[in-house]
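Participant: Pasting a structure below so you can have a look.
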Amino acid sequence: MHADARQQQLVKLATWASILTAIFLIILKTWAWQTTASVSLLASLLDSLMDAAASIINFFAVRYAMIPADEDHRFGHGKAEALAGLAQAGLIGLSVIWLFVQSIDRILNPQAIVHTDIGIAIMLVSIVATAALVLGQRYVVERTQSNAVAADSLHYLSDLLMNASVIVALLLSVWGWQGADAWLAIVIGFYVLHSAWEIGIQSMHLLLDRELEEADRTLISNSVLQHEGVLGMHDLRTRQSGYTKFAQLHLELPDSMPLIEAHAIADAVEASIMNAIPNAEVIVHLDPISVVPNEDHAMMDRVVSIDTGEQEH
């Protein structure tokens, strides 16, 4: 199977696993909440409902993002994943507002928690199921760089802390700290809001074509400068859409170099970058070295190959 096809299959499996896990947890937590009347458990249930909604959004978004480039979308449909991330952040924010309302009501109108043993058992099962999902999602993200799966994994990672907090709240209620349940639900709510903020910011970076991480840019520069005949490079621009990373740069070559040789070096440079960064799409513009000083260096990130192997920016 082709590498891209394997990656797409992994992302699809991750979205299915996310949906099925969320549905399983919703069923368990609904029963546990109705049995215990715990507002912190209600917070966890609400979060699972949002997980299911976000996972369904991801399910359709990643499939749309996998549609090959066409005449109307020459760079593909990968940004659908970033849109899904923004939708997740919005859903999480709305759910936390509702959680705050329920928690404040419980503080003003205290209610005893019952059957805490059932609640604790359910939350332990939730922790095991969620941890298994997060491990699977991390495996997929490492191999696909999927923004939607990464955002989903971040949310489920916060669920692990939430589930552990619910257990603490149930134990405190057994020991006579009934008010701790509602206050802990509020603390959980602020933590989930923080997760939503991170998901939203990451999605915005992708939608606004933020540059790749410095490690990737350095990897690109090193891949370019290793080729014999390359005098330097400038105007490196990068971005990411879905799990495809885009890079374009100006390659500085000797004035006297024949076009056929320059073309061969450009092809080799592109191959080196794509080998160093999987799923990369690269555009190389050729510049005779004599025209480089005439270009607008105020807008350029210039790297020059020198004998010592050092780089200047």
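Ordering of the structure tokens sets the chain letters (A, B, ...), residue numbers begin anew at 1 in every chain, and ligands are numbered from 1 in the order given.
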Contacts of Leu171 in chain A at 10 Å or less, counting only C-alpha atoms, minus same-chain residues fewer than 2 places along, as a PyMOL selection string?

Facilitator: chain A and resi 116-117+119-120+165-169+173-178+180-181

Participant: Near Ala150 in chain A, within 9 Å and counting only C-alpha atoms, which residues show up once chain neighbours fewer than 5 positions away are dropped, as number ranges by chain?

Facilitator: A: 137-138, 140-141, 145, 155, 199

Participant: Would you mind exporting the chosen residues as an mmCIF file, in the first residue's frame, restricted to C-alpha atoms?

Facilitator:
```cif
data_model
loop_
_atom_site.group_PDB
_atom_site.id
_atom_site.type_symbol
_atom_site.label_atom_id
_atom_site.label_comp_id
_atom_site.auth_asym_id
_atom_site.auth_seq_id
_atom_site.Cartn_x
_atom_site.Cartn_y
_atom_site.Cartn_z
ATOM 1 C CA GLN A 137 -4.282 8.598 18.494
ATOM 2 C CA ARG A 138 -0.694 9.533 19.333
ATOM 3 C CA VAL A 140 -1.586 7.978 14.282
ATOM 4 C CA VAL A 141 -0.487 11.614 14.758
ATOM 5 C CA GLN A 145 0.646 14.754 11.299
ATOM 6 C CA HIS A 155 -9.218 16.828 24.178
ATOM 7 C CA ILE A 199 -7.123 23.585 19.871
#
```

Participant: If you run DSSP on the backbone here, which positions in range 112-254 of chain A get helix (DSSP H, G or I)? Please write them as a ChimeraX atom specification.

Facilitator: /A:116-144,147-174,180-207,214-225

Participant: Would you compute the distance between CA of Ser18 in chain A and CA of Gly90 in chain A? Give it in Å to one decimal.

Facilitator: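 CA of Gly90 in chain A lies at a distance of 18.5 Å from CA of Ser18 in chain A.
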
Participant: Please determine, counting only C-alpha atoms, which residue among A:Val125, A:Ala5, A:Ala22, A:Ala182 has the shortest atom-to-atom distance to Leu108 in chain A.

Facilitator: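 Checking each candidate against Leu108 in chain A, we get A:Ala182 as the closest.
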
Participant: Between CA of Trp31 in chain A and CA of Leu133 in chain A, measure the distance and give it in Å to one decimal.

Facilitator: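 Result for CA of Trp31 in chain A versus CA of Leu133 in chain A: 21.6 Å, one decimal.
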
Participant: Determine, counting only C-alpha atoms, which protein, DNA and RNA residues have an atom within 9 Å of an atom of Lys79 in chain A; residues of the same chain fewer than 6 positions away are not included. Present the result as a PyMOL selection string.

Facilitator: chain A and resi 65+203+206-207+240-242
